[in-house]
Amino acid sequence: MARETGTMLRSLMAGGVVAAFGAFVAAIALTYPLGSAFRPGPGFVPLGIGLIMIGLGILVAVEDVRAGVAPTPEAVPVWRPMVATVAGILVFALLLDRVGYVPSSILLVLIVARGERGRNWLTDLGIAAFMAVFGTLVFIWGLGLPIEPMVGL
Amino acid sequence: MEILQGLGLGLQTALGPSALLFCFIGVTVGTIVGVLPGVGALAAISLALPLTYYIDPTDALIMLAGIFYGAQYGGSTASILLNLPGTATAAITCLDGHPLAKQGKAPLALFVTAINSFIGSSIAIVLLMFFAPLVARVALNFGSAEYFAVMLLGLVAASTLTVGSPFKALAMVAFGIALGLVGTDVNTGQFRYDFGLLPLTDGFSLVAVAMGLFGVAEIIANIGQPPGTLHKLGRVRFKDMLPDRQQWREIWPPTLRGSAIGSFVGALPGTGPGIASLMSYAAEKRISRNPEKFGNGALEGLSAPEAANNASVQAAFIPTLSLGIPGDAVVAVLMGAMMLHGISPGPNLINDQPTMFWGLIMSFWVGNLILLVLNIPLIGLWVKLLSIPYHVLYPCIFVFICLGVYSADNSTFDIFVVLAFGVVGYGMRRFGFPATPVLLGFILGPLLEEHFRRAMLLARGDPLVFLERPISAAFLAVSALLLASAFWPRGRKGKAEEAADSGLDP
């Protein structure tokens with residue numbers, strides 16, 4: 001029974017997220033002037049879209065529950081690639097303006113590579129070095145992107 | 001007469017040295033990204049988009065379009081040799097292409113796809129030449145009500161004529177429109193959904209949204225997946241590639257049928273190559289005298305969808321260039337590229353920018369010829385590309401993506417945006433939400449809202465205006481029909497649909 005409830009909850013999740021997002025869009029739309037049908041204001045269409053998303057979220061949930069299958073194909077979510085990707089790109093975005101392209105791209109490569117188990121650090125360092133040089137040559141010097149290769153050099 | 005003049009102008013443009021060069025670069029890059037699993041045409045176009053700010057808009061479009069159809073050629077190579085589809089289209093190619101490779105007929109399969117892609121494209125290009133100006137002439141009389149209705153039809157068609165759940169696709173269209181709301185309201189100057197963040201007052205960057213939903217999400221999903229087995233080709237001899245007389249006979253009719261289906265589906269606003277190849281595969285299987293051959297290396301099952309997807313890619317330019325309504329996510333980004341260059345696609349494009357319109361069309365032909373020449377002798381090279389391991393490739397792609405979104409606006413804010421949409425896109429995949437409709441909604445949403453508000457204003461607030469005008473009423477009726485079809489019970493899914501369904505986008 002508990003297992004069935006679990007499946008049920010998971011089936012409801014996809015539609016639920018859509019409906020909740022719709023409610024969020026609609027709620028914020030109410031803070032903008034709605035206008036009238038004669039002259040729709042900036043809140044008119046957002047409110048409509050929010051309401052439509054609530055409706056579609058309900059339809060999706062009904063459909064998923066009827067199909068009776070958990071919407072996730074794999075039982076366990078694969079967190080490792082996701083966490084490594086998020087961490088790598090965050091570090092890159094935060095450091096790019098502060099320390100420059102070369103160190104931030106090396107960190108980006110080394111961190112996203114952690115998304116896979118059992119990798120060879122030497123290979124990763126090689127890829128990182130290659131991308132640091134390649135990016136500097138082609139994108140910064142070649143195409144003139146306004147990024148410092150290395151801040152303070 | 002008009003068309004002949006156009007052709008002359010187009011040839012002049014497309015055969016100019018700079019156009020030729022960018023066409024060549026485009027199709028080559030397209031083939032490479034098509035061959036490499038995990039880098040789609042969309043990621044490649046989004047990456048190239050910021051770089052095109054510095055070149056002539058016509059050349060820019062020729063190159064970007066080249067990446068798009070070049071990737072269709074390359075995608076089949078990966079499917080046939082590696083059974084690793086990067087897109088829904090390629091998933092269909094896998095069904096019969098990979099069994100052929102297993103039987104040692106990979107050179108034949110690769111040759112057939114190259115030649116069929118060429119035939120499919122050519123047929124669609126001819127249609128494009130004749131129909132785009134016609135459609136544009138009709139569209140010149142469109143008012144805001146008609147534009148609203150035809151855009152709505154495009155969005156509804158894109159989400160209901162899909163392989164997965166129509167409700168999920170519709171929800172994603174709405175999500176895309178909601179994303180398009182972010183920024184400054186053009187009519188009143190009101191900031192919407194900016195949450196006090198200054199960069200958001202300009203709205204989300206198209207490149208960041210597209211690269212997040214497609215590029216980053218795709219890579220997260222692919223990291224750590226076991227690699228497919230690459231079939232050794234050995235030395236590819238021309239003799240092995242050519243079909244014999246019996247095989248030619250098996251190939252011709254499906255190719256023509258595939259081209260027809262592909263052109264038709266592609267020309268509808270809102271439907272892309274994924275649905276075209278699926279439909280033509282299903283049609284071939286249905287009319288075949290021995291359907292059991294399908295899935296075991298039937299040449300019909302390879303040639304029809306290959307012709308169809310390439311035909312649909314070219315035909316997708318009919319609604320894009322004549323109405324300003326993209327048929328698929330990649331064309332949507334191309335349309336975004338036009339807008340960034342200050343060109344609004346629509347019925348006036350042919351008159352205002354004849355050089356660009358005809359030049360682009362003729363460049364398709366040039367590009368397809370280059371592809372044919374590139375693909376047949378260079379198959380060996382593409383196979384080598386396939387042997388670059390994904391774990392070496394993906395960290396590099398992340399660097400490219402980050403640099404690409406940064407360069408679009410020179411702001412690190414967009415890197416955060418691409419990351420956020422990467423995570424959202426990965427979640428969408430896991431729950432079976434398609435990403436293409438998001439992008440269509442995102443691009444068409446602002447236009448949809450503008451025309452809706454203008455039509456209402458002109459009609460003094462009477463919503464019946466959308467039904468009183470016959471063209472608008474007809475579009476809305478078709479949309480309503482398509483919406484109703486979403487509620488019809490669906491039959492059990494075939495193998496092809498399941499393959500295309502597993503979180504892949506056309």
# chains A, B, ... in the order shown; residues from 1 in each chain; ligands from 1

$ residues_around --residues "region 118-122 of chain A" --least-positions-apart "6" --cutoff "10 Å" --atoms "only C-alpha atoms" --output "list of chain:residue names"
A:Leu110, A:Ala128, B:His391

$ residues_around --residues "region 346-350 of chain B" --least-positions-apart "4" --cutoff "9 Å" --atoms "only C-alpha atoms" --output "MDAnalysis selection string"
chainID B and resid 132:133 135:140 319:325 354:358

$ select_by_dssp --residues "region 382-415 of chain B" --states "alpha helix (DSSP H)" --output "list in words"
Trp382, Val383, Lys384, Leu385, Leu386, Tyr390, His391, Val392, Leu393, Tyr394, Pro395, Cys396, Ile397, Phe398, Val399, Phe400, Ile401, Cys402, Leu403, Gly404, Val405, Tyr406, Ser407, Ala408, Asp409, Phe413, Asp414 and Ile415 of chain B

$ closest_residue --among "B:His98, B:Arg257, B:Arg430, B:Arg469" --to "Val78 (chain A)" --atoms "only C-alpha atoms"
B:Arg430

$ closest_atom_pairs --of "chain B" --to "chain A" --cutoff "8 Å" --atoms "only C-alpha atoms" --output "Markdown table"
| residue | atom | partner | partner_atom | distance |
| --- | --- | --- | --- | --- |
| B:Leu51 | CA | A:Leu143 | CA | 7.9 |
| B:Phe167 | CA | A:Val60 | CA | 5.8 |
| B:Lys168 | CA | A:Val60 | CA | 6.1 |
| B:Leu170 | CA | A:Leu56 | CA | 7.3 |
| B:Ala171 | CA | A:Leu56 | CA | 5.6 |
| B:Ala174 | CA | A:Ile49 | CA | 6.2 |
| B:Phe175 | CA | A:Met53 | CA | 7.4 |
| B:Ile177 | CA | A:Ile49 | CA | 7.5 |
| B:Ala178 | CA | A:Ile49 | CA | 6.7 |
| B:Leu181 | CA | A:Pro46 | CA | 7.1 |
| B:Asp185 | CA | A:Pro42 | CA | 6.4 |
| B:Asn187 | CA | A:Pro42 | CA | 7.7 |
| B:Thr188 | CA | A:Pro42 | CA | 7.0 |
| B:Gln190 | CA | A:Pro42 | CA | 6.9 |
| B:Arg192 | CA | A:Tyr32 | CA | 7.9 |
| B:Tyr193 | CA | A:Ile28 | CA | 7.5 |
| B:Ile220 | CA | A:Pro81 | CA | 5.7 |
| B:Ala221 | CA | A:Pro81 | CA | 7.8 |
| B:Ile223 | CA | A:Pro81 | CA | 6.1 |
| B:Gly224 | CA | A:Glu116 | CA | 5.4 |
| B:His391 | CA | A:Ala113 | CA | 7.6 |
| B:Val392 | CA | A:Ile127 | CA | 7.0 |
| B:Pro395 | CA | A:Val109 | CA | 5.2 |
| B:Cys396 | CA | A:Met131 | CA | 6.6 |
| B:Phe398 | CA | A:Val109 | CA | 7.7 |
| B:Val399 | CA | A:Ser105 | CA | 6.6 |
| B:Cys402 | CA | A:Ile89 | CA | 7.6 |
| B:Ser407 | CA | A:Leu145 | CA | 6.5 |
| B:Asn410 | CA | A:Pro146 | CA | 7.3 |
| B:Thr412 | CA | A:Ala93 | CA | 5.7 |
| B:Phe413 | CA | A:Ala93 | CA | 7.8 |
| B:Ile415 | CA | A:Ala93 | CA | 5.9 |
| B:Phe416 | CA | A:Ala93 | CA | 6.8 |
| B:Leu419 | CA | A:Val86 | CA | 6.7 |
| B:Val423 | CA | A:Met82 | CA | 7.5 |
| B:Arg430 | CA | A:Thr72 | CA | 5.5 |
| B:Phe431 | CA | A:Pro71 | CA | 5.3 |
| B:Gly432 | CA | A:Pro71 | CA | 7.1 |
| B:Glu449 | CA | A:Val45 | CA | 6.6 |
| B:Arg453 | CA | A:Pro40 | CA | 6.0 |
| B:Met456 | CA | A:Phe38 | CA | 6.2 |
| B:Leu457 | CA | A:Arg39 | CA | 5.5 |
| B:Ala459 | CA | A:Phe38 | CA | 7.8 |
| B:Arg460 | CA | A:Phe38 | CA | 5.1 |
| B:Gly461 | CA | A:Phe38 | CA | 3.5 |
| B:Asp462 | CA | A:Phe38 | CA | 7.3 |
| B:Pro463 | CA | A:Ala37 | CA | 8.0 |

$ atom_distance --atom1 "CA of Pro273 (chain B)" --atom2 "CA of Asn296 (chain B)"
23.0 Å

$ atom_distance --atom1 "CA of Gly142 (chain A)" --atom2 "CA of Ala408 (chain B)"
16.0 Å

$ closest_residue --among "B:Val424, B:Phe24, B:Phe487, B:Asp96" --to "Glu292 (chain B)" --atoms "only C-alpha atoms"
B:Asp96

$ residues_around --residues "region 470-478 of chain B" --least-positions-apart "2" --cutoff "7 Å" --atoms "only C-alpha atoms" --output "number ranges by chain"
B: 145-146, 149-150, 153, 466-468, 480-482

$ atom_distance --atom1 "CA of Trp382 (chain B)" --atom2 "CA of Leu100 (chain B)"
18.0 Å

$ closest_residue --among "A:Gly35, A:Ala27, A:Met150, A:Val102" --to "Phe134 (chain A)" --atoms "only C-alpha atoms"
A:Val102

$ closest_residue --among "B:Gly297, B:Thr160, B:Phe68, B:Arg289" --to "Lys102 (chain B)" --atoms "only C-alpha atoms"
B:Gly297

$ residues_around --residues "Thr13 (chain B)" --least-positions-apart "5" --cutoff "10 Å" --atoms "only C-alpha atoms" --output "VMD selection string"
chain B and resid 7 to 8 18 to 20 58 to 59 355 to 360 362 to 363

$ closest_residue --among "B:Ala435, B:Ser277, B:Asp409, B:Ile287" --to "Gly422 (chain B)" --atoms "only C-alpha atoms"
B:Ala435

$ closest_residue --among "A:Val99, A:Val17, A:Leu34, A:Val65" --to "Gly152 (chain A)" --atoms "only C-alpha atoms"
A:Val99

$ decode --residues "region 42-69 of chain A" --atoms "N, CA, C and O atoms" --output "CSV table (one decimal), in the first residue's frame"
chain,number,residue,atom,x,y,z
A,42,PRO,N,-0.4,45.0,-19.0
A,42,PRO,CA,0.8,44.1,-19.0
A,42,PRO,C,0.5,42.9,-18.1
A,42,PRO,O,1.3,41.9,-18.2
A,43,GLY,N,-0.6,42.9,-17.3
A,43,GLY,CA,-0.8,41.7,-16.5
A,43,GLY,C,-1.8,40.7,-17.2
A,43,GLY,O,-2.0,39.6,-16.7
A,44,PHE,N,-2.4,41.1,-18.3
A,44,PHE,CA,-3.5,40.3,-18.9
A,44,PHE,C,-3.0,39.0,-19.4
A,44,PHE,O,-3.5,37.9,-19.0
A,45,VAL,N,-2.1,39.0,-20.3
A,45,VAL,CA,-1.6,37.7,-20.9
A,45,VAL,C,-0.9,36.9,-19.8
A,45,VAL,O,-1.1,35.7,-19.7
A,46,PRO,N,0.0,37.5,-19.0
A,46,PRO,CA,0.6,36.6,-17.9
A,46,PRO,C,-0.4,35.9,-17.1
A,46,PRO,O,-0.2,34.7,-16.8
A,47,LEU,N,-1.5,36.6,-16.7
A,47,LEU,CA,-2.5,36.0,-15.9
A,47,LEU,C,-3.1,34.8,-16.6
A,47,LEU,O,-3.2,33.7,-16.1
A,48,GLY,N,-3.4,35.0,-17.9
A,48,GLY,CA,-4.0,33.9,-18.8
A,48,GLY,C,-3.0,32.7,-18.8
A,48,GLY,O,-3.5,31.6,-18.7
A,49,ILE,N,-1.8,33.0,-19.1
A,49,ILE,CA,-0.8,31.9,-19.2
A,49,ILE,C,-0.7,31.2,-17.9
A,49,ILE,O,-0.6,29.9,-17.9
A,50,GLY,N,-0.7,31.9,-16.8
A,50,GLY,CA,-0.6,31.2,-15.5
A,50,GLY,C,-1.8,30.3,-15.3
A,50,GLY,O,-1.6,29.1,-14.9
A,51,LEU,N,-3.0,30.8,-15.6
A,51,LEU,CA,-4.2,30.0,-15.4
A,51,LEU,C,-4.1,28.7,-16.4
A,51,LEU,O,-4.5,27.6,-16.0
A,52,ILE,N,-3.7,29.0,-17.6
A,52,ILE,CA,-3.6,27.8,-18.6
A,52,ILE,C,-2.7,26.8,-18.0
A,52,ILE,O,-2.9,25.6,-18.1
A,53,MET,N,-1.5,27.2,-17.4
A,53,MET,CA,-0.6,26.3,-16.9
A,53,MET,C,-1.1,25.5,-15.7
A,53,MET,O,-0.9,24.3,-15.6
A,54,ILE,N,-2.0,26.1,-14.9
A,54,ILE,CA,-2.6,25.4,-13.8
A,54,ILE,C,-3.5,24.3,-14.4
A,54,ILE,O,-3.4,23.1,-14.0
A,55,GLY,N,-4.3,24.6,-15.4
A,55,GLY,CA,-5.1,23.7,-16.0
A,55,GLY,C,-4.4,22.5,-16.7
A,55,GLY,O,-4.7,21.3,-16.5
A,56,LEU,N,-3.3,22.8,-17.4
A,56,LEU,CA,-2.5,21.8,-18.1
A,56,LEU,C,-1.8,20.9,-17.0
A,56,LEU,O,-1.6,19.7,-17.2
A,57,GLY,N,-1.4,21.5,-15.9
A,57,GLY,CA,-0.7,20.8,-14.9
A,57,GLY,C,-1.7,19.7,-14.3
A,57,GLY,O,-1.3,18.5,-14.1
A,58,ILE,N,-2.9,20.1,-14.2
A,58,ILE,CA,-3.9,19.1,-13.7
A,58,ILE,C,-4.1,18.0,-14.7
A,58,ILE,O,-4.1,16.8,-14.4
A,59,LEU,N,-4.2,18.4,-16.0
A,59,LEU,CA,-4.4,17.4,-17.0
A,59,LEU,C,-3.2,16.4,-17.1
A,59,LEU,O,-3.3,15.2,-17.2
A,60,VAL,N,-2.0,16.9,-16.9
A,60,VAL,CA,-0.8,16.1,-16.9
A,60,VAL,C,-0.8,15.1,-15.8
A,60,VAL,O,-0.5,13.9,-15.9
A,61,ALA,N,-1.2,15.6,-14.6
A,61,ALA,CA,-1.3,14.8,-13.4
A,61,ALA,C,-2.3,13.7,-13.6
A,61,ALA,O,-2.0,12.5,-13.3
A,62,VAL,N,-3.5,14.0,-14.1
A,62,VAL,CA,-4.5,13.0,-14.3
A,62,VAL,C,-4.0,11.9,-15.3
A,62,VAL,O,-4.1,10.7,-15.0
A,63,GLU,N,-3.3,12.4,-16.4
A,63,GLU,CA,-2.8,11.4,-17.3
A,63,GLU,C,-1.7,10.5,-16.7
A,63,GLU,O,-1.8,9.3,-16.9
A,64,ASP,N,-0.8,11.1,-15.9
A,64,ASP,CA,0.2,10.3,-15.3
A,64,ASP,C,-0.3,9.3,-14.3
A,64,ASP,O,0.1,8.1,-14.3
A,65,VAL,N,-1.3,9.7,-13.5
A,65,VAL,CA,-1.9,8.8,-12.5
A,65,VAL,C,-2.6,7.7,-13.2
A,65,VAL,O,-2.5,6.5,-12.9
A,66,ARG,N,-3.3,8.0,-14.3
A,66,ARG,CA,-4.0,7.0,-15.1
A,66,ARG,C,-3.1,6.0,-15.6
A,66,ARG,O,-3.3,4.8,-15.6
A,67,ALA,N,-2.0,6.5,-16.2
A,67,ALA,CA,-1.0,5.6,-16.8
A,67,ALA,C,-0.4,4.7,-15.7
A,67,ALA,O,0.1,3.6,-16.0
A,68,GLY,N,-0.5,5.2,-14.5
A,68,GLY,CA,-0.1,4.4,-13.3
A,68,GLY,C,1.4,4.1,-13.2
A,68,GLY,O,1.8,3.2,-12.5
A,69,VAL,N,2.2,4.7,-14.0
A,69,VAL,CA,3.6,4.5,-14.0
A,69,VAL,C,4.3,5.7,-13.4
A,69,VAL,O,3.9,6.8,-13.5
